[in-house]
file protein35.txt (compact mmCIF, C-alpha atoms)
# COMPACT_ATOMS: atom_id res chain seq x y z
CA MET A 1 108.03 61.70 117.89
CA GLY A 2 105.53 61.14 115.13
CA ILE A 3 102.62 58.76 115.07
CA VAL A 4 103.70 55.14 115.26
CA SER A 5 103.43 53.26 111.98
CA PRO A 6 101.64 49.97 112.72
CA GLY A 7 104.02 47.07 112.16
CA PHE A 8 107.10 49.18 111.40
CA SER A 9 110.28 48.31 113.26
CA GLY A 10 113.00 49.67 110.96
CA ARG A 11 116.53 48.45 110.48
CA PRO A 12 118.47 47.11 113.45
CA ARG A 13 120.06 50.18 114.97
CA SER A 14 122.10 49.16 117.99
CA GLN A 15 125.25 49.53 115.88
CA GLU A 16 124.20 52.70 114.11
CA PRO A 17 126.47 55.66 114.67
CA ALA A 18 124.92 59.02 115.41
CA LEU A 19 123.25 60.40 112.31
CA PRO A 20 121.46 63.73 111.92
CA PRO A 21 117.68 63.43 112.31
CA GLY A 22 115.85 61.91 109.35
CA GLN A 23 119.01 60.51 107.74
CA TYR A 24 119.91 56.91 106.90
CA LEU A 25 123.29 55.42 106.25
CA THR A 26 124.42 54.42 102.78
CA GLU A 27 127.64 52.78 101.66
CA ASP A 28 127.07 53.94 98.09
CA PHE A 29 127.61 57.43 96.77
CA PRO A 30 124.31 58.47 95.16
CA VAL A 31 124.26 61.33 92.66
CA LEU A 32 121.85 64.25 92.77
CA SER A 33 122.01 66.88 90.04
CA ALA A 34 119.51 69.09 88.27
CA GLY A 35 120.82 68.69 84.73
CA PRO A 36 123.45 67.13 82.49
CA THR A 37 126.96 66.70 83.86
CA PRO A 38 129.30 69.41 82.51
CA ARG A 39 132.69 68.24 81.19
CA VAL A 40 135.42 70.69 82.10
CA SER A 41 138.96 70.52 80.70
CA LEU A 42 141.80 71.01 83.19
CA ASP A 43 143.58 73.21 80.60
CA THR A 44 140.89 75.87 80.81
CA TRP A 45 139.65 75.22 84.35
CA GLU A 46 139.95 78.11 86.74
CA PHE A 47 138.70 79.06 90.16
CA VAL A 48 137.84 82.69 90.83
CA ILE A 49 137.01 84.47 94.06
CA SER A 50 135.31 87.80 93.32
CA ALA A 51 135.32 90.28 96.17
CA GLU A 52 132.44 92.71 96.66
CA ASN A 53 134.62 95.59 95.38
CA GLY A 54 135.11 93.84 92.05
CA THR A 55 138.62 92.52 92.66
CA GLU A 56 139.09 88.99 91.32
CA TYR A 57 141.51 86.36 92.57
CA ARG A 58 142.18 83.55 90.08
CA TRP A 59 143.80 80.15 90.22
CA SER A 60 144.53 77.82 87.32
CA TRP A 61 144.49 74.06 87.91
CA GLN A 62 148.29 74.03 88.26
CA GLU A 63 148.16 76.92 90.72
CA LEU A 64 145.49 75.17 92.78
CA MET A 65 147.53 71.99 92.93
CA ALA A 66 150.61 73.96 94.02
CA LEU A 67 148.81 75.25 97.12
CA PRO A 68 149.01 73.39 100.44
CA GLN A 69 146.78 70.31 100.20
CA GLU A 70 144.61 68.87 102.97
CA THR A 71 142.98 65.44 103.27
CA PRO A 72 139.75 65.89 105.23
CA MET A 73 137.88 62.79 106.37
CA VAL A 74 134.29 63.86 106.83
CA ASP A 75 130.66 62.70 107.05
CA ILE A 76 128.36 63.94 104.30
CA HIS A 77 124.60 64.37 104.52
CA CYS A 78 122.28 64.75 101.53
CA VAL A 79 118.89 66.42 101.88
CA THR A 80 117.37 63.38 100.14
CA HIS A 81 117.99 61.58 103.46
CA TRP A 82 121.17 59.60 102.84
CA SER A 83 124.36 60.06 104.82
CA LYS A 84 127.79 58.63 104.10
CA LEU A 85 130.31 58.49 106.88
CA GLY A 86 134.09 58.79 106.91
CA THR A 87 134.59 59.91 103.31
CA THR A 88 138.14 60.89 102.39
CA TRP A 89 138.96 63.80 100.15
CA GLN A 90 141.90 65.89 99.08
CA GLY A 91 141.73 69.57 98.30
CA VAL A 92 142.63 73.11 99.25
CA SER A 93 141.13 74.74 102.30
CA LEU A 94 139.03 77.85 101.69
CA ASP A 95 141.08 79.39 104.52
CA THR A 96 144.10 79.15 102.20
CA LEU A 97 142.21 80.56 99.23
CA LEU A 98 140.63 83.41 101.23
CA ASP A 99 143.90 84.24 103.00
CA GLY A 100 144.93 87.14 100.77
CA VAL A 101 141.41 88.24 99.87
CA ASP A 102 140.45 91.69 101.12
CA THR A 103 136.76 91.57 101.98
CA GLY A 104 134.19 92.78 104.46
CA ALA A 105 131.43 90.63 102.93
CA HIS A 106 129.27 88.34 105.06
CA PHE A 107 127.84 86.16 102.31
CA ALA A 108 129.13 83.93 99.56
CA LEU A 109 127.52 82.65 96.38
CA ALA A 110 129.32 79.66 94.93
CA HIS A 111 128.84 79.20 91.17
CA SER A 112 129.65 76.30 88.93
CA TYR A 113 130.39 75.25 85.39
CA GLY A 114 126.93 74.47 84.03
CA GLY A 115 125.28 77.36 85.86
CA TYR A 116 124.55 75.92 89.32
CA THR A 117 124.70 78.29 92.29
CA THR A 118 124.38 77.94 96.07
CA ASN A 119 124.67 80.50 98.86
CA LEU A 120 126.36 80.29 102.25
CA PRO A 121 127.44 82.68 104.98
CA LEU A 122 131.11 83.48 104.35
CA ASP A 123 131.94 82.39 107.91
CA ASP A 124 130.91 78.83 106.99
CA LEU A 125 133.70 78.74 104.41
CA ARG A 126 136.27 79.58 107.10
CA GLY A 127 137.68 77.87 110.14
CA GLY A 128 138.85 74.63 108.50
CA ARG A 129 135.31 73.66 107.47
CA ALA A 130 135.37 74.08 103.68
CA TRP A 131 137.57 72.98 100.79
CA VAL A 132 137.84 73.00 97.03
CA ALA A 133 138.16 69.22 96.65
CA HIS A 134 139.54 67.44 93.59
CA THR A 135 140.21 63.93 94.88
CA PHE A 136 137.78 61.43 96.39
CA ASP A 137 138.87 58.19 97.98
CA GLY A 138 142.36 58.54 96.50
CA ALA A 139 141.27 59.04 92.88
CA PRO A 140 140.42 62.09 90.75
CA LEU A 141 136.85 63.19 91.52
CA PRO A 142 134.57 61.73 88.80
CA ALA A 143 132.59 64.25 86.73
CA GLU A 144 129.21 62.98 87.96
CA HIS A 145 130.32 63.71 91.52
CA GLY A 146 131.47 67.21 90.63
CA GLY A 147 134.94 66.79 89.14
CA PRO A 148 137.36 68.25 88.27
CA ALA A 149 136.67 70.03 91.57
CA ARG A 150 133.75 70.66 93.87
CA LEU A 151 133.17 72.67 96.95
CA LEU A 152 133.19 70.51 100.09
CA VAL A 153 131.28 71.98 103.05
CA PRO A 154 130.32 68.84 104.95
CA HIS A 155 128.73 70.52 107.98
CA LEU A 156 125.85 71.65 105.73
CA TYR A 157 123.53 69.53 103.53
CA PHE A 158 125.47 68.38 100.53
CA TRP A 159 123.73 70.60 97.95
CA LYS A 160 125.83 73.42 99.47
CA SER A 161 128.95 71.54 98.33
CA ALA A 162 128.64 72.86 94.77
CA LYS A 163 129.79 70.39 92.11
CA TRP A 164 131.94 71.63 89.18
CA VAL A 165 132.73 74.71 91.23
CA ARG A 166 134.09 77.62 89.22
CA GLY A 167 134.18 80.41 91.73
CA ILE A 168 132.78 82.22 94.73
CA ARG A 169 131.26 85.68 94.71
CA LEU A 170 131.56 87.52 98.01
CA LYS A 171 128.50 89.60 98.74
CA THR A 172 127.27 92.11 101.29
CA MET A 173 123.69 90.85 100.81
CA ASP A 174 122.57 87.22 100.88
CA GLU A 175 121.43 85.98 97.47
CA PRO A 176 119.66 82.61 97.26
CA GLY A 177 121.15 80.03 94.91
CA PHE A 178 119.59 77.37 92.70
CA TRP A 179 117.93 75.00 95.18
CA GLU A 180 117.43 77.78 97.71
CA THR A 181 115.26 79.54 95.10
CA ALA A 182 113.42 76.28 94.45
CA GLY A 183 112.17 75.87 98.01
CA TYR A 184 115.16 74.51 99.91
CA HIS A 185 116.47 76.02 103.11
CA ASP A 186 118.72 79.05 103.00
CA TYR A 187 121.29 77.63 105.45
CA GLY A 188 120.81 73.82 105.49
CA ASP A 189 122.14 72.55 108.82
CA PRO A 190 121.52 68.76 108.86
CA TRP A 191 121.64 68.58 112.67
CA ARG A 192 118.75 71.06 112.84
CA GLU A 193 117.09 69.34 109.87
CA GLN A 194 116.88 72.55 107.85
CA ARG A 195 115.75 70.92 104.62
CA TYR A 196 113.15 73.28 103.23
CA GLN A 197 112.22 76.92 103.54
CA GLY A 198 110.66 77.60 106.88
CA ASP A 199 112.24 74.57 108.64
CA MET B 1 116.03 79.56 87.41
CA ALA B 2 113.52 81.05 89.82
CA THR B 3 110.94 78.36 89.23
CA GLY B 4 109.60 77.82 92.72
CA THR B 5 106.96 79.88 94.37
CA PRO B 6 108.78 80.74 97.56
CA ALA B 7 106.57 79.57 100.38
CA ARG B 8 108.33 80.75 103.48
CA ALA B 9 105.87 79.10 105.84
CA PRO B 10 107.13 75.73 107.09
CA ILE B 11 105.87 72.71 105.22
CA LYS B 12 104.47 70.66 108.07
CA TRP B 13 104.27 66.92 108.57
CA GLN B 14 100.68 65.71 108.49
CA VAL B 15 98.95 62.40 108.91
CA ALA B 16 97.75 60.68 105.75
CA ARG B 17 95.86 57.39 105.47
CA LEU B 18 96.04 54.65 102.92
CA VAL B 19 92.82 54.51 100.92
CA GLU B 20 93.70 51.83 98.43
CA ARG B 21 96.60 50.26 96.58
CA ARG B 22 97.05 49.08 93.01
CA VAL B 23 99.56 46.53 91.82
CA GLU B 24 101.47 48.02 88.87
CA THR B 25 104.18 45.41 88.31
CA PRO B 26 105.55 42.48 90.33
CA THR B 27 107.75 44.99 92.20
CA ALA B 28 105.83 48.27 92.12
CA GLN B 29 102.56 49.40 93.67
CA THR B 30 100.61 52.62 93.65
CA LEU B 31 99.36 53.83 97.02
CA VAL B 32 96.41 56.20 97.16
CA LEU B 33 96.76 58.40 100.24
CA GLU B 34 94.15 60.65 101.74
CA VAL B 35 95.90 63.83 102.89
CA PRO B 36 93.35 66.18 104.51
CA ASP B 37 95.48 69.34 104.33
CA TRP B 38 97.20 68.75 101.00
CA PRO B 39 97.78 72.21 99.48
CA GLY B 40 98.07 71.05 95.86
CA HIS B 41 101.22 70.54 93.84
CA LEU B 42 102.83 70.84 90.42
CA PRO B 43 103.55 67.80 88.23
CA GLY B 44 107.02 66.47 89.07
CA GLN B 45 107.02 67.49 92.74
CA HIS B 46 107.53 64.94 95.47
CA VAL B 47 106.41 64.14 98.96
CA ASP B 48 108.42 62.93 101.93
CA VAL B 49 106.98 59.88 103.70
CA ARG B 50 108.04 59.20 107.28
CA LEU B 51 107.64 56.01 109.30
CA THR B 52 108.00 55.83 113.06
CA ALA B 53 108.77 52.68 115.08
CA PRO B 54 107.40 52.16 118.60
CA ASP B 55 110.75 53.25 120.12
CA GLY B 56 110.66 56.56 118.24
CA TYR B 57 113.07 55.54 115.48
CA GLN B 58 112.11 57.20 112.21
CA ALA B 59 112.85 56.58 108.56
CA ALA B 60 111.91 58.98 105.77
CA ARG B 61 112.06 58.73 101.98
CA SER B 62 111.02 60.95 99.07
CA TYR B 63 108.48 59.75 96.51
CA SER B 64 107.29 61.51 93.39
CA VAL B 65 103.59 62.28 93.34
CA ALA B 66 102.20 60.33 90.39
CA GLY B 67 99.39 62.59 89.23
CA PRO B 68 97.10 65.50 90.09
CA ALA B 69 95.38 65.38 93.49
CA VAL B 70 91.76 64.30 93.38
CA ASP B 71 88.95 65.12 95.79
CA GLY B 72 87.79 62.25 97.94
CA PRO B 73 84.87 62.25 100.40
CA ASP B 74 87.22 63.14 103.28
CA GLY B 75 89.65 65.44 101.51
CA PRO B 76 92.28 65.44 98.80
CA ARG B 77 93.92 62.23 97.68
CA ILE B 78 97.33 61.84 96.14
CA GLU B 79 99.04 58.84 94.62
CA VAL B 80 102.60 57.68 94.94
CA THR B 81 104.11 54.68 93.19
CA VAL B 82 106.59 52.71 95.26
CA GLN B 83 109.22 50.48 93.69
CA ARG B 84 110.42 47.72 96.00
CA VAL B 85 114.09 48.15 96.86
CA PRO B 86 115.62 44.76 97.79
CA ASP B 87 116.71 44.93 101.43
CA GLY B 88 115.11 48.36 101.64
CA GLU B 89 113.77 49.70 104.88
CA VAL B 90 110.79 51.78 103.80
CA SER B 91 109.60 50.39 100.44
CA PRO B 92 109.03 46.78 101.67
CA TYR B 93 106.99 48.17 104.57
CA LEU B 94 104.85 50.30 102.26
CA ILE B 95 104.28 47.38 99.89
CA ASP B 96 103.93 44.43 102.30
CA VAL B 97 102.78 45.77 105.68
CA PHE B 98 101.09 49.14 105.30
CA GLY B 99 97.35 48.44 105.28
CA ALA B 100 94.16 50.21 104.24
CA GLY B 101 93.27 52.85 106.82
CA ASP B 102 96.76 52.86 108.36
CA PRO B 103 98.25 56.27 109.12
CA VAL B 104 101.54 57.54 107.77
CA GLU B 105 103.19 60.93 108.03
CA VAL B 106 103.76 62.92 104.87
CA ARG B 107 105.19 66.30 104.03
CA GLY B 108 104.92 68.20 100.80
CA PRO B 109 104.79 69.20 98.09
CA LEU B 110 108.57 69.47 97.75
CA GLY B 111 110.92 70.37 94.93
CA GLY B 112 110.60 73.34 92.63
CA TRP B 113 112.84 72.43 89.70
CA PHE B 114 111.85 69.10 88.15
CA ILE B 115 108.36 70.37 87.36
CA TRP B 116 106.31 71.07 84.27
CA ARG B 117 104.16 74.17 84.07
CA SER B 118 101.25 73.97 81.67
CA GLU B 119 101.72 77.66 80.74
CA ASP B 120 105.00 76.69 79.08
CA THR B 121 104.20 76.06 75.42
CA ALA B 122 107.53 74.44 74.42
CA PRO B 123 107.29 70.84 73.21
CA VAL B 124 108.22 68.35 75.90
CA GLN B 125 110.25 65.18 75.71
CA LEU B 126 110.24 62.77 78.63
CA VAL B 127 112.81 60.03 79.03
CA ALA B 128 112.13 57.51 81.79
CA GLY B 129 114.25 54.66 83.09
CA GLY B 130 112.34 52.09 85.19
CA SER B 131 110.44 53.68 88.06
CA GLY B 132 111.71 57.06 86.81
CA ILE B 133 108.42 57.09 84.92
CA VAL B 134 106.53 58.30 88.02
CA PRO B 135 107.14 62.09 87.92
CA LEU B 136 106.91 61.99 84.11
CA MET B 137 103.54 60.24 84.32
CA ALA B 138 102.46 63.05 86.64
CA MET B 139 103.23 65.48 83.81
CA ILE B 140 101.37 63.36 81.24
CA ARG B 141 98.32 63.14 83.51
CA ALA B 142 98.44 66.85 84.32
CA ARG B 143 98.66 67.71 80.61
CA ARG B 144 95.43 65.87 79.97
CA ALA B 145 93.76 67.18 83.12
CA VAL B 146 94.24 70.81 82.08
CA GLY B 147 93.46 70.16 78.41
CA SER B 148 96.93 71.23 77.27
CA LYS B 149 97.81 70.84 73.60
CA VAL B 150 101.57 70.99 74.21
CA PRO B 151 103.07 68.09 72.24
CA PHE B 152 104.64 65.43 74.48
CA ARG B 153 106.91 62.55 73.57
CA LEU B 154 107.78 59.83 76.04
CA ILE B 155 110.64 57.37 75.69
CA TYR B 156 110.33 54.72 78.39
CA SER B 157 113.19 52.32 79.03
CA VAL B 158 112.27 49.10 80.83
CA ARG B 159 113.90 45.71 81.28
CA THR B 160 110.93 43.72 79.99
CA ALA B 161 107.30 44.35 79.12
CA GLN B 162 106.18 43.17 82.55
CA ASP B 163 108.22 45.94 84.18
CA VAL B 164 106.15 48.69 82.54
CA ILE B 165 104.43 50.74 85.23
CA TYR B 166 101.04 52.21 84.20
CA ALA B 167 101.08 49.91 81.15
CA ASP B 168 97.33 49.94 80.42
CA GLU B 169 96.96 53.65 81.00
CA LEU B 170 99.95 54.48 78.79
CA ARG B 171 98.50 52.31 76.03
CA ARG B 172 95.19 54.14 76.33
CA ARG B 173 96.72 57.61 76.54
CA GLY B 174 99.08 56.93 73.66
CA ARG B 175 95.95 56.27 71.62
CA ASP B 176 93.56 58.88 73.04
CA ASP B 177 95.63 61.81 74.38
CA PHE B 178 96.06 63.82 71.21
CA GLY B 179 99.66 64.98 70.86
CA LEU B 180 101.19 62.36 73.15
CA ASP B 181 103.58 59.82 71.64
CA VAL B 182 104.78 56.85 73.67
CA ALA B 183 107.81 54.73 72.68
CA TYR B 184 109.44 51.88 74.59
CA VAL B 185 113.00 50.65 74.76
CA TYR B 186 113.52 47.17 76.22
CA THR B 187 116.89 46.47 77.75
CA ARG B 188 116.61 42.75 78.64
CA GLU B 189 113.82 41.12 76.71
CA ALA B 190 111.59 42.60 74.04
CA PRO B 191 107.96 41.49 73.64
CA ASP B 192 106.81 39.68 70.52
CA GLY B 193 106.22 42.03 67.66
CA TRP B 194 108.71 44.64 68.81
CA ARG B 195 111.23 45.47 66.15
CA GLY B 196 114.86 45.19 67.11
CA GLU B 197 117.00 43.64 69.78
CA PRO B 198 116.95 44.59 73.47
CA HIS B 199 119.33 47.50 74.06
CA ARG B 200 119.91 50.53 76.20
CA VAL B 201 118.55 53.90 75.07
CA GLY B 202 120.86 55.14 72.31
CA LEU B 203 121.22 57.82 69.71
CA ALA B 204 118.79 56.20 67.29
CA ASP B 205 116.04 55.99 69.93
CA VAL B 206 116.40 59.63 70.88
CA ASN B 207 116.58 60.72 67.24
CA THR B 208 113.55 58.68 66.25
CA HIS B 209 111.29 59.22 69.24
CA GLY B 210 112.43 62.57 70.69
CA TRP B 211 112.28 66.12 69.38
CA PRO B 212 115.04 67.64 67.25
CA PRO B 213 117.14 70.24 69.08
CA ASP B 214 116.06 73.10 66.81
CA LEU B 215 112.52 72.87 68.23
CA GLU B 216 114.10 73.74 71.59
CA PRO B 217 112.05 71.24 73.56
CA LEU B 218 112.05 71.06 77.30
CA THR B 219 113.45 67.67 78.31
CA TYR B 220 112.89 65.76 81.54
CA VAL B 221 115.01 62.70 82.26
CA CYS B 222 114.38 60.54 85.32
CA GLY B 223 115.80 57.18 86.31
CA PRO B 224 118.79 55.56 87.96
CA THR B 225 122.00 57.56 87.97
CA GLY B 226 123.77 55.67 85.17
CA PHE B 227 120.72 55.91 82.93
CA VAL B 228 120.30 59.63 83.48
CA GLU B 229 124.00 60.30 82.94
CA ALA B 230 123.97 58.39 79.65
CA VAL B 231 120.76 59.94 78.31
CA ALA B 232 121.69 63.49 79.31
CA ASP B 233 125.10 63.09 77.63
CA LEU B 234 123.38 61.80 74.47
CA LEU B 235 121.02 64.77 74.38
CA VAL B 236 123.83 67.28 74.89
CA GLY B 237 125.79 65.52 72.14
CA LEU B 238 122.81 65.91 69.80
CA GLY B 239 122.84 69.65 70.36
CA HIS B 240 120.19 70.11 73.04
CA SER B 241 121.00 72.97 75.39
CA SER B 242 122.02 71.79 78.87
CA ARG B 243 119.78 74.46 80.28
CA ARG B 244 116.70 72.86 78.70
CA ILE B 245 117.44 69.40 80.13
CA ARG B 246 116.18 68.75 83.64
CA THR B 247 117.21 65.59 85.41
CA GLU B 248 116.19 63.67 88.47
CA ARG B 249 118.29 60.72 89.52
CA PHE B 250 117.74 58.18 92.19
CA GLY B 251 120.40 56.13 93.80
CA PRO B 252 119.63 53.41 96.27
CA THR B 253 116.98 54.63 98.65
CA GLY B 254 114.85 52.13 100.37
call {"tool": "encode", "arguments": {"input": "protein35.txt", "output": "structure tokens"}}
result
Amino acid sequence: MGIVSPGFSGRPRSQEPALPPGQYLTEDFPVLSAGPTPRVSLDTWEFVISAENGTEYRWSWQELMALPQETPMVDIHCVTHWSKLGTTWQGVSLDTLLDGVDTGAHFALAHSYGGYTTNLPLDDLRGGRAWVAHTFDGAPLPAEHGGPARLLVPHLYFWKSAKWVRGIRLKTMDEPGFWETAGYHDYGDPWREQRYQGD
Amino acid sequence: MATGTPARAPIKWQVARLVERRVETPTAQTLVLEVPDWPGHLPGQHVDVRLTAPDGYQAARSYSVAGPAVDGPDGPRIEVTVQRVPDGEVSPYLIDVFGAGDPVEVRGPLGGWFIWRSEDTAPVQLVAGGSGIVPLMAMIRARRAVGSKVPFRLIYSVRTAQDVIYADELRRRGRDDFGLDVAYVYTREAPDGWRGEPHRVGLADVNTHGWPPDLEPLTYVCGPTGFVEAVADLLVGLGHSSRRIRTERFGPTG
């Protein structure tokens, strides 16, 4: 516990559900991005998994939509301290996408239209914990929230859920992504409050 | 994109104290904090501020540092400018309750992307919406502090003249800081003598008061989400490279 702030009581919290440390609840859906929002046409959209041996696995929008769809309901936690609970999405599990991919890699670097990147251990994309999501709250995902499709990895801080996702490179060595290079934590577990490097 | 200086050592919470406060507008105040172990920062970086209630409950928010650190008698001082969020949890405390000499925990500097480096000689355009001026003012102040001659242009969108944060200083710097141009856009009510009707920042404003794309300026846009989305789209439409436009958006924090 930190030093007590004289006269600070905070919001009533008897009804508050369990939140990761340092987070507060919001009903809104704030936007955090580093640059302009890219606009991606569904006609040319594609998602590519590149294995460490150079093999590429590609899906067009139609091919993605033809895969088995899941509707995860998850809590999301942004490193800027807001959390949003019980959000509903639709998308394709990374388990489905990785199913036929031959790889011995341990790391993944997600990359996006617009140039954003973020790194994760490949294991964190498996086990029913990660999706390529295209629908939020029953409607197509708006561009400012990462549409046409974004990565959804809700057990990590939300910057790992790359907006405008275009593909995933599988790697034998960990390579830091955009925010990870700019001082944010390599892994980003909200329950261990891994916000910044060294946390 | 490797803009940050990787500092692998943990950035620790430390106790700061309020030295003084300045009223900027009816809803915004600048807090001067004495932070004994402040390591220095780059213009545009922010600091996390954490409050703790007697039962251990904590609330933390991020605030942009408003200018270069200055040396006080008991260590470095930094400034943050806090905009009151209606029904907020942290900002009303910082504005109404937090008193001179009171302690508060801070952690920083944070953020390695929305920063300006004085070594970069590209012209700079800054587009602020409301309290989005704060990190951009940090860049304007840092430019002067290091004697940079990099040309800066600021477009500052506010509802009315009384919502202008740092109004006197911007007037002075617009006159005295050679190479700094300051333009305002009023969205609700324009002051007497201002040409035109109140409006949101549009193509004509950016064309008139920003840099043309062929100069390849570095652009920083900060404000509420809708503002940043609209301005960034305008700039891309004008031919500015997405990679030269850096944005910082704030949703409801409190």
call {"tool": "residues_around", "arguments": {"input": "protein35.txt", "residues": "region 160-177 of chain A", "least_positions_apart": "5", "cutoff": "6 Å", "atoms": "only C-alpha atoms", "output": "list in words"}}
result
Phe47, Val48, Ile49, Ser50, Ala51, Glu52, Ala105, His106, Phe107, Ala108, Leu109, Ala110, His111, Ser112, Tyr113, Thr117, Thr118, Asn119, Gly146, Gly147, Ala149, Arg150, Leu151, Leu152 and Val153 of chain A
call {"tool": "write_last_selection", "arguments": {"input": "protein35.txt", "atoms": "C-alpha atoms", "output": "CSV table (one decimal), in the coordinates of the input"}}
result
chain,number,residue,atom,x,y,z
A,47,PHE,CA,138.7,79.1,90.2
A,48,VAL,CA,137.8,82.7,90.8
A,49,ILE,CA,137.0,84.5,94.1
A,50,SER,CA,135.3,87.8,93.3
A,51,ALA,CA,135.3,90.3,96.2
A,52,GLU,CA,132.4,92.7,96.7
A,105,ALA,CA,131.4,90.6,102.9
A,106,HIS,CA,129.3,88.3,105.1
A,107,PHE,CA,127.8,86.2,102.3
A,108,ALA,CA,129.1,83.9,99.6
A,109,LEU,CA,127.5,82.6,96.4
A,110,ALA,CA,129.3,79.7,94.9
A,111,HIS,CA,128.8,79.2,91.2
A,112,SER,CA,129.6,76.3,88.9
A,113,TYR,CA,130.4,75.2,85.4
A,117,THR,CA,124.7,78.3,92.3
A,118,THR,CA,124.4,77.9,96.1
A,119,ASN,CA,124.7,80.5,98.9
A,146,GLY,CA,131.5,67.2,90.6
A,147,GLY,CA,134.9,66.8,89.1
A,149,ALA,CA,136.7,70.0,91.6
A,150,ARG,CA,133.8,70.7,93.9
A,151,LEU,CA,133.2,72.7,97.0
A,152,LEU,CA,133.2,70.5,100.1
A,153,VAL,CA,131.3,72.0,103.0
call {"tool": "residues_around", "arguments": {"input": "protein35.txt", "residues": "region 71-78 of chain A", "least_positions_apart": "2", "cutoff": "6 Å", "atoms": "all atoms listed in the file", "output": "list in words"}}
result
Thr80, His81, Trp82, Ser83, Lys84, Leu85, Gly86, Thr87, Thr88, Trp89, Gln90, Pro154, Tyr157 and Phe158 of chain A
call {"tool": "atom_distance", "arguments": {"input": "protein35.txt", "atom1": "CA of Glu79 (chain B)", "atom2": "CA of Leu31 (chain B)"}}
result
5.6 Å
call {"tool": "interface_residues", "arguments": {"input": "protein35.txt", "of": "chain A", "to": "chain B", "cutoff": "9 Å", "atoms": "all atoms listed in the file", "output": "number ranges by chain"}}
result
A: 1-11, 13, 21-24, 26, 28-38, 80-82, 114-115, 144, 178-179, 181-184, 196-199
call {"tool": "residues_near_point", "arguments": {"input": "protein35.txt", "point": "(101.2, 56.7, 86.4)", "cutoff": "8 Å", "atoms": "only C-alpha atoms", "output": "JSON, numbers by chain"}}
result
{"B": [66, 67, 81, 133, 134, 137, 138, 141, 165, 166, 169]}
call {"tool": "closest_residue", "arguments": {"input": "protein35.txt", "among": "B:Gly237, B:Pro68, B:Pro191, B:Pro73", "to": "His46 (chain B)", "atoms": "all atoms listed in the file"}}
result
B:Pro68
call {"tool": "residues_near_point", "arguments": {"input": "protein35.txt", "point": "(106.6, 66.4, 83.6)", "cutoff": "6 Å", "atoms": "all atoms listed in the file", "output": "count of residues only"}}
result
6
call {"tool": "closest_residue", "arguments": {"input": "protein35.txt", "among": "A:Trp59, A:Glu180, A:Arg129, A:Leu94", "to": "Tyr116 (chain A)", "atoms": "all atoms listed in the file"}}
result
A:Glu180
call {"tool": "atom_distance", "arguments": {"input": "protein35.txt", "atom1": "CA of Val146 (chain B)", "atom2": "CA of Arg117 (chain B)"}}
result
10.7 Å
call {"tool": "build_atoms", "arguments": {"input": "protein35.txt", "residues": "region 42-53 of chain A", "atoms": "N, CA and C atoms", "output": "mmCIF file, in the coordinates of the input"}}
result
data_model
loop_
_atom_site.group_PDB
_atom_site.id
_atom_site.type_symbol
_atom_site.label_atom_id
_atom_site.label_comp_id
_atom_site.auth_asym_id
_atom_site.auth_seq_id
_atom_site.Cartn_x
_atom_site.Cartn_y
_atom_site.Cartn_z
ATOM 1 N N LEU A 42 140.866 70.451 82.206
ATOM 2 C CA LEU A 42 141.800 71.010 83.190
ATOM 3 C C LEU A 42 142.616 72.159 82.580
ATOM 4 N N ASP A 43 142.779 72.164 81.247
ATOM 5 C CA ASP A 43 143.580 73.210 80.600
ATOM 6 C C ASP A 43 142.928 74.580 80.735
ATOM 7 N N THR A 44 141.576 74.578 80.754
ATOM 8 C CA THR A 44 140.890 75.870 80.810
ATOM 9 C C THR A 44 140.228 76.104 82.159
ATOM 10 N N TRP A 45 140.282 75.091 83.031
ATOM 11 C CA TRP A 45 139.650 75.220 84.350
ATOM 12 C C TRP A 45 140.265 76.387 85.113
ATOM 13 N N GLU A 46 139.426 77.104 85.811
ATOM 14 C CA GLU A 46 139.950 78.110 86.740
ATOM 15 C C GLU A 46 138.966 78.280 87.886
ATOM 16 N N PHE A 47 139.511 78.775 88.979
ATOM 17 C CA PHE A 47 138.700 79.060 90.160
ATOM 18 C C PHE A 47 138.895 80.536 90.481
ATOM 19 N N VAL A 48 137.784 81.238 90.671
ATOM 20 C CA VAL A 48 137.840 82.690 90.830
ATOM 21 C C VAL A 48 137.086 83.097 92.095
ATOM 22 N N ILE A 49 137.731 83.822 92.960
ATOM 23 C CA ILE A 49 137.010 84.470 94.060
ATOM 24 C C ILE A 49 136.855 85.937 93.687
ATOM 25 N N SER A 50 135.586 86.400 93.660
ATOM 26 C CA SER A 50 135.310 87.800 93.320
ATOM 27 C C SER A 50 134.883 88.515 94.588
ATOM 28 N N ALA A 51 135.670 89.503 94.980
ATOM 29 C CA ALA A 51 135.320 90.280 96.170
ATOM 30 C C ALA A 51 134.222 91.275 95.834
ATOM 31 N N GLU A 52 133.585 91.811 96.877
ATOM 32 C CA GLU A 52 132.440 92.710 96.660
ATOM 33 C C GLU A 52 132.862 94.015 95.992
ATOM 34 N N ASN A 53 134.166 94.355 96.041
ATOM 35 C CA ASN A 53 134.620 95.590 95.380
ATOM 36 C C ASN A 53 135.028 95.341 93.936
#
